[in-house]
Each structure stands twice: as C-alpha cells, then as structure tokens.
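These notes concern the structure reproduced below.
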Amino acid sequence: MDALQMVAVDFFKETGAWRATFQESVCACETVIAFALPRDALVAQVLALYLDESKVDGSRFQATTREITLKDAPQHGAFALVEASLRPVRRATALPEELMEEWGDILSFGALAKLKSMSGKNIDWSDPNGAATFYQLYMEGVGKAKERQLRRRFGSGVLYVNMGE
C-alpha cells in the first residue's frame, strides 16, 4: 500500500491528470483563498486564478497545497475561480473512481516497479528485470497522461516542439 500511495502522489504531481475547478467568494481586503478540497486531496499546482473573470498573473499570488495568498487584497468583494491540478495526500487509501478507471493500471505498474526494485536482507521478491519492465510501462503511462493534458490545453491537432537552434 505504501508503494502505491507514493506512486500515486508522484504520478498526479508530475502529470496534472487530476484536475479540479474551485469557486470561492473573497471578501474585501481578504488575501487568503482557502480551497474546498475533496477528501484526501491537496493542490499540486494552481493552473489559473480569476477574480471576477479577470485572470490574475502568477506573480500576484502564492499557492500552497490548501490555499492561495494574494499579494494585493481586492478592494471589494470578489468571486474567485481557481483551476488546479490535484494530488492525493500521502496516506490516501482511495481515489475518485474515474481516476482509478483511467489510471489505476499505470499506478499499479509504478508500485510493482518500486516493489520489485527493492533489495536487501529478508527481501525475497527482488526482481530487477521485472522492475525494469514495470517501470517502462509506468513511464509510458506517465507520457500518455502528460500528452492528454497537452491535448486538453491545446486541442487535438498535431503538436510541434520547438527545440531551438
């Protein structure tokens, strides 16, 4: 279970595959926006923040896993819309069903790779070849998850990467 929990935290941090949108009221002169997070979830990254439909530049706020602190308090009450990627807390024992349906196999590949790579005294299950195979499957899943997030953001056309010259 510990290996699966570690892998889940890393996977969702790295891929941004767990997305959520939060709507919160912000009182005049208030600088802290607390999230109404799902059980056993934390914010991995704030992707966008809007106050009364105006996008707030990332340099104008600081985000933690549970709240946003604005550098400048609004002069009047405002409506905040926060787009974020989430990750499970380290000791979470469940994920939303739709995430398990989509990414459960990939998470199990990562956990198996972690377990099979263990070695030492009293560890009889060490399997370096199996660990490499499961790690490769896990990394392919990470790549697919990242690609899916890019497709959501930029559309389904051909993606080009400019490597510079």
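In the structure tokens, the first chain shown is A, the next is B, and so on; residue numbers restart at 1 for each chain, and ligands run from 1 in the order shown.
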DSSP-assigned strand (DSSP E or B) members of chain A, reported as a PyMOL selection string: chain A and resi 19-26+32-34+41-51+54-55+61-63+67-70+78-88
Report as an NGL selection string all protein, DNA and RNA residues lying within 8 Å of A:Ala63, evaluated on only C-alpha atoms, omitting residues in the same chain fewer than 3 positions from it. :A and (45-46 or 66-69)
Long-range neighbours of A:Leu70 as JSON, numbers by chain, 7 Å cut-off, only C-alpha atoms, 3 positions minimum in chain: {"A": [31, 32, 60, 61, 62, 73]}
Could you turn the residues from that selection into a file that holds N, CA, C and O atoms, as an mmCIF file, in the first residue's frame?
```
data_model
loop_
_atom_site.group_PDB
_atom_site.id
_atom_site.type_symbol
_atom_site.label_atom_id
_atom_site.label_comp_id
_atom_site.auth_asym_id
_atom_site.auth_seq_id
_atom_site.Cartn_x
_atom_site.Cartn_y
_atom_site.Cartn_z
ATOM 1 N N THR A 31 -6.932 38.387 1.864
ATOM 2 C CA THR A 31 -5.850 37.960 0.977
ATOM 3 C C THR A 31 -5.724 36.449 0.845
ATOM 4 O O THR A 31 -4.979 35.970 0.003
ATOM 5 N N VAL A 32 -6.441 35.681 1.677
ATOM 6 C CA VAL A 32 -6.309 34.227 1.649
ATOM 7 C C VAL A 32 -7.572 33.601 1.058
ATOM 8 O O VAL A 32 -8.686 33.898 1.503
ATOM 9 N N ARG A 60 1.265 37.515 -8.848
ATOM 10 C CA ARG A 60 0.429 38.281 -7.929
ATOM 11 C C ARG A 60 -0.188 37.428 -6.829
ATOM 12 O O ARG A 60 -1.005 37.903 -6.050
ATOM 13 N N PHE A 61 0.179 36.144 -6.772
ATOM 14 C CA PHE A 61 -0.325 35.269 -5.716
ATOM 15 C C PHE A 61 0.675 34.164 -5.442
ATOM 16 O O PHE A 61 1.543 33.878 -6.250
ATOM 17 N N GLN A 62 0.535 33.573 -4.277
ATOM 18 C CA GLN A 62 1.360 32.431 -3.883
ATOM 19 C C GLN A 62 0.412 31.319 -3.477
ATOM 20 O O GLN A 62 -0.522 31.534 -2.702
ATOM 21 N N ALA A 73 -4.891 42.562 -1.762
ATOM 22 C CA ALA A 73 -6.273 42.229 -1.409
ATOM 23 C C ALA A 73 -7.231 42.987 -2.319
ATOM 24 O O ALA A 73 -6.979 44.140 -2.673
#
```
Given the choices A:Phe79, A:Phe134, A:Phe109, A:Phe22, which gets closest to A:Ala48 if the distance is worked out from only C-alpha atoms?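 Among the listed residues, A:Phe22 lies closest to A:Ala48.
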Any chance you could list, as a PyMOL selection string, the residues in stretch 12-143 of chain A that come up helix (DSSP H, G or I) when DSSP is run on the backbone? chain A and resi 12-15+58-60+97-116+128-143
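The nearest approach to A:Ser108 among the residues A:Leu137, A:Val56, A:Ala132, A:Val82, with only C-alpha atoms taken into account, belongs to A:Leu137.
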Interatomic distance, atom CA of A:Met100 to atom CA of A:Val142 (Å, one decimal):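 About the pair atom CA of A:Met100 and atom CA of A:Val142: they are 14.3 Å apart.
Using only C-alpha atoms for every distance, the candidate list A:Ala17, A:Leu49, A:Cys29, A:Ala3 yields A:Ala17 as the residue closest to A:Arg152.
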Proximity to A:Leu95 - best of A:Glu83, A:Asp72, A:Asp40, A:Asp124, only C-alpha atoms: A:Asp40
Each residue of stretch 75-164 of chain A lying at most 10 Å from stretch 4-11 of chain A should get a row with its shortest atom-to-atom pair and the distance in Å to one decimal, counting only C-alpha atoms; could you produce that, ordered by chain and increasing number, as a tab-separated table?
```
residue	atom	partner	partner_atom	distance
A:Leu86	CA	A:Val9	CA	9.3
A:Arg87	CA	A:Val9	CA	5.7
A:Pro88	CA	A:Val9	CA	5.7
A:Val89	CA	A:Val9	CA	7.0
A:Arg90	CA	A:Gln5	CA	6.1
A:Arg91	CA	A:Gln5	CA	6.4
A:Ala92	CA	A:Gln5	CA	6.7
A:Thr93	CA	A:Gln5	CA	7.6
A:Ala94	CA	A:Gln5	CA	9.3
A:Leu95	CA	A:Ala8	CA	9.2
A:Trp103	CA	A:Phe11	CA	9.4
A:Gly104	CA	A:Ala8	CA	9.2
A:Ile106	CA	A:Phe11	CA	9.0
A:Leu107	CA	A:Ala8	CA	6.2
A:Ser108	CA	A:Leu4	CA	6.7
A:Phe109	CA	A:Leu4	CA	9.2
A:Gly110	CA	A:Val7	CA	6.1
A:Ala111	CA	A:Leu4	CA	4.9
A:Leu112	CA	A:Leu4	CA	8.3
A:Ala113	CA	A:Val7	CA	9.8
A:Lys114	CA	A:Val7	CA	8.4
A:Leu115	CA	A:Leu4	CA	9.4
A:Tyr138	CA	A:Phe11	CA	9.2
A:Met139	CA	A:Phe11	CA	9.6
A:Gly141	CA	A:Phe11	CA	9.4
A:Val142	CA	A:Phe11	CA	6.9
A:Ala145	CA	A:Phe11	CA	9.1
```
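Considering only C-alpha atoms, the residue among A:Pro74, A:Arg148, A:Met1, A:Ala20 positioned nearest to A:Leu42 is A:Ala20.
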What does the distance from atom CA of A:Gln23 to atom CA of A:Lys71 come to in Å, to one decimal? 19.1 Å
Contacts of stretch 51-53 of chain A within 7 Å, only C-alpha atoms, excl. fewer than 6 positions in-chain, as a PDB file with N, CA and C atoms, in the first residue's frame:
```pdb
ATOM      1  N   ALA A  78     -15.136  39.837  -4.150  1.00  0.00           N
ATOM      2  CA  ALA A  78     -14.879  39.295  -5.480  1.00  0.00           C
ATOM      3  C   ALA A  78     -15.237  37.812  -5.523  1.00  0.00           C
ATOM      4  N   PHE A  79     -15.369  37.316  -6.706  1.00  0.00           N
ATOM      5  CA  PHE A  79     -15.637  35.907  -6.937  1.00  0.00           C
ATOM      6  C   PHE A  79     -14.377  35.311  -7.546  1.00  0.00           C
ATOM      7  N   ALA A  80     -13.802  34.305  -6.889  1.00  0.00           N
ATOM      8  CA  ALA A  80     -12.572  33.673  -7.370  1.00  0.00           C
ATOM      9  C   ALA A  80     -12.895  32.354  -8.052  1.00  0.00           C
ATOM     10  N   LEU A  81     -12.290  32.141  -9.203  1.00  0.00           N
ATOM     11  CA  LEU A  81     -12.376  30.872  -9.909  1.00  0.00           C
ATOM     12  C   LEU A  81     -10.944  30.348 -10.006  1.00  0.00           C
TER      13      LEU A  81
END
```
Could you list, as a PyMOL selection string, every residue within 7 Å of A:Ser126, counting only C-alpha atoms and ignoring same-chain residues fewer than 3 positions away? chain A and resi 116-119+123
Any idea what's packed within 12 Å of A:Arg153, counting only C-alpha atoms, ignoring anything in its chain fewer than 4 positions away? Could you give it as a list in words?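 Within the cut-off, the hits are Gly16, Ala17, Arg19, Leu47, Lys146, Glu147, Arg148, Gln149, Gly157 and Leu159 of chain A.
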Saved selection, atoms kept: N, CA and C atoms, as a compact mmCIF listing (two decimals), in the first residue's frame:
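Output saved as selection_25.txt:
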```
# COMPACT_ATOMS: atom_id res chain seq x y z
N GLY A 16 -0.37 16.10 -13.74
CA GLY A 16 -1.50 17.02 -13.69
C GLY A 16 -2.80 16.39 -14.17
N ALA A 17 -2.89 15.06 -14.10
CA ALA A 17 -4.05 14.34 -14.64
C ALA A 17 -5.31 14.47 -13.80
N ARG A 19 -7.66 17.05 -12.36
CA ARG A 19 -7.99 18.47 -12.46
C ARG A 19 -9.24 18.81 -11.69
N LEU A 47 -3.29 26.24 -11.81
CA LEU A 47 -3.10 26.45 -13.24
C LEU A 47 -3.58 27.83 -13.68
N LYS A 146 0.58 12.94 -19.65
CA LYS A 146 1.06 14.29 -19.98
C LYS A 146 0.56 14.72 -21.35
N GLU A 147 0.59 13.81 -22.31
CA GLU A 147 0.09 14.12 -23.65
C GLU A 147 -1.40 14.48 -23.60
N ARG A 148 -2.16 13.73 -22.83
CA ARG A 148 -3.59 14.01 -22.71
C ARG A 148 -3.83 15.40 -22.14
N GLN A 149 -3.01 15.83 -21.18
CA GLN A 149 -3.17 17.16 -20.61
C GLN A 149 -2.82 18.23 -21.64
N GLY A 157 -4.99 18.74 -32.62
CA GLY A 157 -4.17 18.80 -33.82
C GLY A 157 -2.77 18.27 -33.57
N LEU A 159 0.95 18.35 -32.58
CA LEU A 159 1.75 19.17 -31.67
C LEU A 159 3.19 19.20 -32.15
```
